[in-house]
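Structure below is model-v8.csv: CSV, N, CA and C atoms and all ligand atoms.
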chain,number,residue,atom,x,y,z
A,118,MET,N,-9.4,30.9,-13.2
A,118,MET,CA,-8.4,30.4,-12.2
A,118,MET,C,-7.0,30.3,-12.9
A,119,LYS,N,-6.0,30.7,-12.2
A,119,LYS,CA,-4.6,30.6,-12.7
A,119,LYS,C,-4.1,29.3,-12.4
A,120,VAL,N,-3.4,28.7,-13.4
A,120,VAL,CA,-2.8,27.4,-13.2
A,120,VAL,C,-1.5,27.6,-12.5
A,121,LYS,N,-1.4,26.9,-11.4
A,121,LYS,CA,-0.1,27.1,-10.6
A,121,LYS,C,0.9,25.9,-10.8
A,122,ILE,N,0.4,25.0,-11.6
A,122,ILE,CA,1.2,23.8,-11.9
A,122,ILE,C,1.6,23.9,-13.4
A,123,ARG,N,2.8,23.6,-13.6
A,123,ARG,CA,3.3,23.7,-15.0
A,123,ARG,C,4.0,22.5,-15.4
A,124,LYS,N,4.2,22.3,-16.7
A,124,LYS,CA,4.9,21.2,-17.3
A,124,LYS,C,6.3,21.2,-16.7
A,125,GLY,N,6.8,20.0,-16.3
A,125,GLY,CA,8.2,19.9,-15.8
A,125,GLY,C,8.2,20.0,-14.3
A,126,ASP,N,7.2,20.4,-13.6
A,126,ASP,CA,7.1,20.5,-12.2
A,126,ASP,C,7.1,19.1,-11.6
A,127,GLN,N,7.6,19.0,-10.3
A,127,GLN,CA,7.4,17.8,-9.5
A,127,GLN,C,6.2,18.1,-8.7
A,128,VAL,N,5.3,17.1,-8.7
A,128,VAL,CA,4.1,17.2,-7.9
A,128,VAL,C,3.9,15.9,-7.1
A,129,GLU,N,3.1,16.1,-6.1
A,129,GLU,CA,2.8,14.9,-5.2
A,129,GLU,C,1.2,14.8,-5.2
A,130,VAL,N,0.8,13.5,-5.2
A,130,VAL,CA,-0.6,13.2,-5.2
A,130,VAL,C,-1.1,13.4,-3.7
A,131,VAL,N,-1.9,14.3,-3.4
A,131,VAL,CA,-2.3,14.6,-2.0
A,131,VAL,C,-3.7,14.1,-1.7
A,132,ARG,N,-4.6,13.9,-2.7
A,132,ARG,CA,-5.9,13.4,-2.4
A,132,ARG,C,-6.4,12.7,-3.7
A,133,GLY,N,-7.4,11.8,-3.4
A,133,GLY,CA,-7.9,11.0,-4.6
A,133,GLY,C,-6.9,10.0,-5.0
A,134,LEU,N,-7.2,9.3,-6.1
A,134,LEU,CA,-6.2,8.4,-6.7
A,134,LEU,C,-5.6,7.5,-5.6
A,135,SER,N,-6.4,6.7,-4.9
A,135,SER,CA,-5.8,6.0,-3.8
A,135,SER,C,-4.6,5.2,-4.1
A,136,LYS,N,-4.5,4.6,-5.3
A,136,LYS,CA,-3.4,3.8,-5.7
A,136,LYS,C,-2.1,4.6,-5.8
A,137,ASP,N,-2.2,5.9,-6.1
A,137,ASP,CA,-1.0,6.7,-6.2
A,137,ASP,C,-0.8,7.8,-5.2
A,138,LYS,N,-1.7,7.7,-4.1
A,138,LYS,CA,-1.6,8.8,-3.1
A,138,LYS,C,-0.2,8.8,-2.5
A,139,GLY,N,0.4,10.0,-2.3
A,139,GLY,CA,1.7,10.1,-1.7
A,139,GLY,C,2.8,10.0,-2.7
A,140,ASN,N,2.5,9.5,-3.9
A,140,ASN,CA,3.5,9.3,-5.0
A,140,ASN,C,3.8,10.7,-5.6
A,141,ARG,N,5.0,10.8,-6.2
A,141,ARG,CA,5.4,12.0,-6.9
A,141,ARG,C,5.8,11.7,-8.3
A,142,GLY,N,5.7,12.7,-9.1
A,142,GLY,CA,6.2,12.5,-10.5
A,142,GLY,C,6.3,13.8,-11.2
A,143,GLU,N,6.8,13.8,-12.4
A,143,GLU,CA,7.0,15.0,-13.1
A,143,GLU,C,5.8,15.3,-14.0
A,144,VAL,N,5.4,16.5,-14.1
A,144,VAL,CA,4.2,16.9,-14.9
A,144,VAL,C,4.6,16.8,-16.4
A,145,ILE,N,3.9,16.0,-17.1
A,145,ILE,CA,4.2,15.8,-18.6
A,145,ILE,C,3.4,16.8,-19.4
A,146,LYS,N,2.1,17.0,-18.9
A,146,LYS,CA,1.2,17.8,-19.7
A,146,LYS,C,0.2,18.5,-18.8
A,147,VAL,N,-0.1,19.7,-19.1
A,147,VAL,CA,-1.2,20.4,-18.4
A,147,VAL,C,-2.3,20.7,-19.3
A,148,LEU,N,-3.5,20.4,-18.9
A,148,LEU,CA,-4.7,20.7,-19.8
A,148,LEU,C,-5.6,21.7,-19.0
A,149,PRO,N,-5.2,23.0,-19.2
A,149,PRO,CA,-5.8,24.0,-18.4
A,149,PRO,C,-7.3,24.2,-18.6
A,150,ASP,N,-7.8,23.9,-19.8
A,150,ASP,CA,-9.2,24.0,-20.1
A,150,ASP,C,-10.0,23.0,-19.3
A,151,GLU,N,-9.4,21.9,-19.0
A,151,GLU,CA,-10.1,20.8,-18.3
A,151,GLU,C,-9.7,20.7,-16.9
A,152,ASN,N,-8.8,21.6,-16.5
A,152,ASN,CA,-8.2,21.5,-15.1
A,152,ASN,C,-7.7,20.2,-14.8
A,153,ARG,N,-7.0,19.6,-15.8
A,153,ARG,CA,-6.4,18.3,-15.6
A,153,ARG,C,-5.0,18.3,-16.0
A,154,ILE,N,-4.3,17.3,-15.5
A,154,ILE,CA,-2.8,17.1,-15.8
A,154,ILE,C,-2.5,15.7,-16.1
A,155,VAL,N,-1.3,15.5,-16.7
A,155,VAL,CA,-0.8,14.2,-16.9
A,155,VAL,C,0.6,14.1,-16.2
A,156,VAL,N,0.8,13.2,-15.3
A,156,VAL,CA,2.0,13.1,-14.6
A,156,VAL,C,2.7,11.7,-14.8
A,157,GLN,N,4.0,11.8,-15.0
A,157,GLN,CA,4.8,10.6,-15.2
A,157,GLN,C,4.6,9.6,-14.1
A,158,GLY,N,4.2,8.4,-14.5
A,158,GLY,CA,4.1,7.3,-13.5
A,158,GLY,C,2.9,7.3,-12.6
A,159,ILE,N,2.0,8.3,-12.8
A,159,ILE,CA,0.8,8.5,-11.9
A,159,ILE,C,-0.5,8.2,-12.7
A,160,ASN,N,-1.4,7.5,-12.1
A,160,ASN,CA,-2.7,7.2,-12.8
A,160,ASN,C,-2.5,6.5,-14.1
A,161,THR,N,-1.6,5.5,-14.0
A,161,THR,CA,-1.3,4.7,-15.2
A,161,THR,C,-2.5,3.8,-15.5
A,162,ARG,N,-2.7,3.6,-16.8
A,162,ARG,CA,-3.7,2.7,-17.3
A,162,ARG,C,-3.1,1.8,-18.3
A,163,THR,N,-3.8,0.7,-18.6
A,163,THR,CA,-3.3,-0.1,-19.7
A,163,THR,C,-4.4,-0.2,-20.7
A,164,LYS,N,-3.9,-0.4,-21.9
A,164,LYS,CA,-4.9,-0.5,-23.0
A,164,LYS,C,-4.4,-1.6,-23.9
A,165,HIS,N,-5.4,-2.4,-24.3
A,165,HIS,CA,-5.0,-3.5,-25.2
A,165,HIS,C,-5.0,-3.1,-26.6
A,166,GLN,N,-3.9,-3.3,-27.2
A,166,GLN,CA,-3.7,-3.0,-28.6
A,166,GLN,C,-4.2,-4.2,-29.5
A,167,ARG,N,-5.1,-3.9,-30.4
A,167,ARG,CA,-5.4,-4.9,-31.4
A,167,ARG,C,-4.3,-5.3,-32.3
A,168,GLN,N,-4.3,-6.5,-32.7
A,168,GLN,CA,-3.3,-6.9,-33.7
A,168,GLN,C,-3.4,-6.1,-35.0
A,169,VAL,N,-2.3,-5.7,-35.5
A,169,VAL,CA,-2.3,-4.9,-36.7
A,169,VAL,C,-1.5,-5.7,-37.8
A,170,GLN,N,-2.1,-5.8,-38.9
A,170,GLN,CA,-1.5,-6.5,-40.0
A,170,GLN,C,-0.7,-5.5,-40.9
A,171,SER,N,0.6,-5.7,-41.1
A,171,SER,CA,1.3,-4.8,-41.9
A,171,SER,C,2.3,-5.6,-42.8
A,172,GLN,N,2.1,-5.4,-44.0
A,172,GLN,CA,2.9,-6.1,-45.0
A,172,GLN,C,3.0,-7.6,-44.7
A,173,GLY,N,1.8,-8.2,-44.4
A,173,GLY,CA,1.8,-9.7,-44.1
A,173,GLY,C,2.3,-10.1,-42.8
A,174,ARG,N,2.8,-9.1,-42.0
A,174,ARG,CA,3.2,-9.5,-40.6
A,174,ARG,C,2.3,-9.0,-39.6
A,175,THR,N,2.2,-9.7,-38.5
A,175,THR,CA,1.5,-9.2,-37.3
A,175,THR,C,2.4,-8.3,-36.5
A,176,VAL,N,2.0,-7.1,-36.3
A,176,VAL,CA,2.8,-6.1,-35.6
A,176,VAL,C,2.4,-5.8,-34.2
A,177,ASN,N,3.2,-6.0,-33.3
A,177,ASN,CA,3.1,-5.5,-31.9
A,177,ASN,C,1.7,-5.6,-31.3
A,178,PRO,N,1.2,-6.8,-31.2
A,178,PRO,CA,-0.1,-6.9,-30.4
A,178,PRO,C,0.3,-6.8,-28.9
A,179,GLY,N,-0.5,-6.4,-28.1
A,179,GLY,CA,-0.1,-6.4,-26.7
A,179,GLY,C,-0.7,-5.3,-25.9
A,180,ILE,N,-0.1,-5.0,-24.8
A,180,ILE,CA,-0.6,-4.0,-23.8
A,180,ILE,C,0.2,-2.8,-23.8
A,181,ILE,N,-0.5,-1.7,-23.9
A,181,ILE,CA,0.2,-0.4,-23.9
A,181,ILE,C,-0.1,0.3,-22.5
A,182,ARG,N,1.0,0.7,-21.9
A,182,ARG,CA,0.8,1.4,-20.6
A,182,ARG,C,0.9,2.9,-20.8
A,183,PHE,N,0.0,3.7,-20.3
A,183,PHE,CA,0.1,5.1,-20.5
A,183,PHE,C,-0.5,5.8,-19.2
A,184,GLU,N,-0.2,7.1,-19.1
A,184,GLU,CA,-0.6,7.9,-18.0
A,184,GLU,C,-1.9,8.6,-18.4
A,185,ALA,N,-3.0,8.4,-17.7
A,185,ALA,CA,-4.2,9.1,-18.0
A,185,ALA,C,-4.3,10.4,-17.3
A,186,PRO,N,-5.0,11.4,-17.9
A,186,PRO,CA,-5.1,12.7,-17.2
A,186,PRO,C,-6.0,12.6,-16.0
A,187,PHE,N,-5.8,13.4,-15.0
A,187,PHE,CA,-6.6,13.5,-13.8
A,187,PHE,C,-6.7,14.9,-13.3
A,188,SER,N,-7.5,15.1,-12.3
A,188,SER,CA,-7.7,16.5,-11.8
A,188,SER,C,-6.5,17.1,-11.2
A,189,LEU,N,-6.3,18.4,-11.5
A,189,LEU,CA,-5.3,19.2,-10.9
A,189,LEU,C,-5.5,19.3,-9.4
A,190,ALA,N,-6.7,19.2,-9.0
A,190,ALA,CA,-7.0,19.4,-7.5
A,190,ALA,C,-6.4,18.2,-6.7
A,191,ASN,N,-6.0,17.2,-7.3
A,191,ASN,CA,-5.5,16.0,-6.6
A,191,ASN,C,-4.0,16.1,-6.3
A,192,VAL,N,-3.3,17.1,-6.8
A,192,VAL,CA,-1.9,17.2,-6.6
A,192,VAL,C,-1.5,18.5,-5.9
A,193,ALA,N,-0.3,18.5,-5.3
A,193,ALA,CA,0.3,19.7,-4.8
A,193,ALA,C,1.7,19.8,-5.4
A,194,LEU,N,2.2,21.0,-5.6
A,194,LEU,CA,3.5,21.2,-6.1
A,194,LEU,C,4.5,20.8,-5.0
A,195,VAL,N,5.6,20.2,-5.5
A,195,VAL,CA,6.7,19.8,-4.6
A,195,VAL,C,7.8,20.9,-4.7
A,196,CYS,N,8.1,21.6,-3.5
A,196,CYS,CA,9.0,22.7,-3.5
A,196,CYS,C,10.4,22.1,-3.6
A,197,LYS,N,11.2,22.7,-4.5
A,197,LYS,CA,12.6,22.2,-4.7
A,197,LYS,C,13.5,22.5,-3.5
A,198,LYS,N,13.2,23.5,-2.8
A,198,LYS,CA,14.0,23.9,-1.6
A,198,LYS,C,13.7,23.0,-0.4
A,199,CYS,N,12.5,22.9,0.0
A,199,CYS,CA,12.2,22.2,1.2
A,199,CYS,C,11.7,20.8,1.0
A,200,ASN,N,11.5,20.4,-0.3
A,200,ASN,CA,11.1,19.1,-0.7
A,200,ASN,C,9.8,18.6,-0.1
A,201,LYS,N,8.9,19.6,0.1
A,201,LYS,CA,7.6,19.2,0.6
A,201,LYS,C,6.5,19.6,-0.4
A,202,ALA,N,5.4,18.8,-0.3
A,202,ALA,CA,4.3,19.2,-1.1
A,202,ALA,C,3.7,20.5,-0.5
A,203,THR,N,3.5,21.5,-1.3
A,203,THR,CA,3.1,22.8,-0.7
A,203,THR,C,2.1,23.5,-1.5
A,204,ARG,N,1.4,24.5,-0.8
A,204,ARG,CA,0.6,25.4,-1.6
A,204,ARG,C,1.5,26.5,-2.1
A,205,VAL,N,1.0,27.2,-3.1
A,205,VAL,CA,1.9,28.2,-3.8
A,205,VAL,C,1.2,29.5,-3.7
A,206,ALA,N,2.1,30.5,-3.5
A,206,ALA,CA,1.6,31.9,-3.6
A,206,ALA,C,2.1,32.5,-4.9
A,207,LEU,N,1.2,33.2,-5.6
A,207,LEU,CA,1.6,33.9,-6.8
A,207,LEU,C,2.1,35.3,-6.6
A,208,ILE,N,3.2,35.6,-7.0
A,208,ILE,CA,3.8,37.0,-6.8
A,208,ILE,C,4.1,37.6,-8.2
A,209,ARG,N,3.6,38.8,-8.3
A,209,ARG,CA,3.9,39.5,-9.6
A,209,ARG,C,5.1,40.3,-9.4
A,210,GLU,N,6.0,40.0,-10.4
A,210,GLU,CA,7.3,40.7,-10.4
A,210,GLU,C,7.6,41.2,-11.8
A,211,ASP,N,7.7,42.5,-12.0
A,211,ASP,CA,7.8,43.0,-13.3
A,211,ASP,C,6.6,42.5,-14.1
A,212,ASP,N,6.9,41.8,-15.2
A,212,ASP,CA,5.8,41.3,-16.1
A,212,ASP,C,5.5,39.9,-15.8
A,213,LYS,N,6.3,39.3,-14.9
A,213,LYS,CA,6.1,37.8,-14.7
A,213,LYS,C,5.4,37.5,-13.4
A,214,THR,N,4.7,36.4,-13.5
A,214,THR,CA,4.1,35.9,-12.2
A,214,THR,C,5.0,34.8,-11.7
A,215,LYS,N,5.6,35.0,-10.5
A,215,LYS,CA,6.5,33.9,-10.0
A,215,LYS,C,5.7,33.2,-8.9
A,216,ARG,N,6.2,32.0,-8.6
A,216,ARG,CA,5.6,31.2,-7.6
A,216,ARG,C,6.5,31.1,-6.4
A,217,GLN,N,5.8,31.2,-5.2
A,217,GLN,CA,6.6,31.1,-4.0
A,217,GLN,C,6.0,30.0,-3.1
A,218,CYS,N,6.9,29.2,-2.5
A,218,CYS,CA,6.5,28.1,-1.6
A,218,CYS,C,5.9,28.7,-0.3
A,219,LYS,N,4.7,28.3,0.1
A,219,LYS,CA,4.1,28.8,1.3
A,219,LYS,C,4.7,28.2,2.6
A,220,LYS,N,5.4,27.1,2.4
A,220,LYS,CA,6.0,26.5,3.6
A,220,LYS,C,7.3,27.1,4.0
A,221,CYS,N,8.2,27.3,3.0
A,221,CYS,CA,9.5,27.8,3.4
A,221,CYS,C,9.8,29.2,2.8
A,222,GLY,N,8.9,29.6,2.0
A,222,GLY,CA,9.1,31.0,1.4
A,222,GLY,C,10.0,31.1,0.3
A,223,ALA,N,10.6,30.0,-0.2
A,223,ALA,CA,11.5,30.1,-1.3
A,223,ALA,C,10.7,30.3,-2.6
A,224,MET,N,11.4,31.0,-3.5
A,224,MET,CA,10.8,31.2,-4.8
A,224,MET,C,11.0,29.9,-5.6
A,225,ILE,N,10.0,29.5,-6.2
A,225,ILE,CA,10.1,28.2,-7.0
A,225,ILE,C,10.6,28.4,-8.4
A,226,ASP,N,10.3,29.6,-9.0
A,226,ASP,CA,10.8,29.9,-10.3
A,226,ASP,C,12.0,30.8,-10.2
A,227,ASP,N,13.0,30.5,-11.0
A,227,ASP,CA,14.2,31.3,-10.9
A,227,ASP,C,14.0,32.7,-11.5
B,301,ZN,ZN,9.6,25.2,0.2

What is this structure when it is put down as structure tokens?
Ligand SMILES: [Zn+2]
Amino acid sequence: MKVKIRKGDQVEVVRGLSKDKGNRGEVIKVLPDENRIVVQGINTRTKHQRQVQSQGRTVNPGIIRFEAPFSLANVALVCKKCNKATRVALIREDDKTKRQCKKCGAMIDD
């Protein structure tokens, strides 16, 4: 399967993730082998950091907030032209595969 979502894309949560459904964010990381992605501000989790002793001082105990990976199938790409969450058509042009918005027909990649 070709990955249609890339790092730096704006995506919208269209299914699953009830807490974040309808929210948008920028793709931070794509994990193609797992079909998962990490998106800014989406699927955030907190993790409790244990206290760390460093040179006699206690360093930064507390809660760390981070974005957990989730399934690519839960998001759709947001088209820059029509600003809608859309499906994408892949078009081969010369040696590159470009993406086209199925809603407005605009090319997503320059
Ligand atoms: Zn569009």

> How would you write, as a ChimeraX atom specification, the set of residues no farther than 6 Å from ligand ZN 301 (chain B) when counting all atoms listed in the file?
Replying inline: /A:196-201,218-223

> Between atom C of A:Lys164 and atom CA of A:Ile180, what is the distance, to one decimal in Å?
Replying inline: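 According to the coordinates, atom C of A:Lys164 and atom CA of A:Ile180 are separated by 4.5 Å.
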
>> My list of candidates is A:Arg174, A:Lys121, A:Lys146, A:Gln166. Which is closest to A:Leu207 when distances are computed with all atoms listed in the file?
In response: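 Looking at the shortest contact to A:Leu207, the residue is A:Lys121.
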
> Quick one: of A:Ile208, A:Leu148, A:Val169, A:Val176, who's nearest to A:Ile122, counting only C-alpha atoms?
Replying inline: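 That would be A:Leu148, the residue with the smallest distance to A:Ile122.
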
> What is the atom CA of A:Leu194-atom CA of A:Thr161 distance in Å, reported with one decimal?
Replying inline: 19.4 Å

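Surrounding stretch 135-142 of chain A within 10 Å are Gly125, Asp126, Gln127, Val128, Glu129, Val130, Val131, Arg132, Ile145, Val155, Val156, Gln157, Gly158, Ile159, Asn160, Thr161, Asn191, Val192, Ala193, Leu194, Val195 and Ala202 of chain A, with only C-alpha atoms counted and residues fewer than 3 positions along the same chain left out.
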
>> Can you pull out the residues contacting A:Asp226? Cut-off 8 Å, using only C-alpha atoms, and skip same-chain residues under 5 positions away; I want them as a list of chain:residue names.
In response: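 Here the answer would be A:Lys215, A:Arg216, A:Gln217.
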
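Put simply, atom CA of A:Phe183 is 19.9 Å away from atom N of A:Arg123.
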
>> So, with only N, CA and C atoms as the atoms that count, which of A:Arg153, A:Arg167, A:Arg162, A:Arg204 lies closest to A:Gly179?
In response: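 For A:Gly179, the nearest of the given residues is A:Arg167.
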
>> For the strand (DSSP E or B) assignment from backbone DSSP, which residues of chain A qualify? Please present them as a PyMOL selection string.
In response: chain A and resi 127-130+141-148+153-156+161-166+169-171+174-176+179-184+187-188+192-195+202-203+205-210+213-218+224

Draw an axis-aligned box over all listed atoms of stretch 187-194 of chain A, pad each side with 3 Å, and write its centre and edge lengths in Å, one decimal, as lines of an AutoDock Vina configuration file.
center_x = -1.6
center_y = 17.3
center_z = -9.9
size_x = 18.2
size_y = 13.8
size_z = 16.2
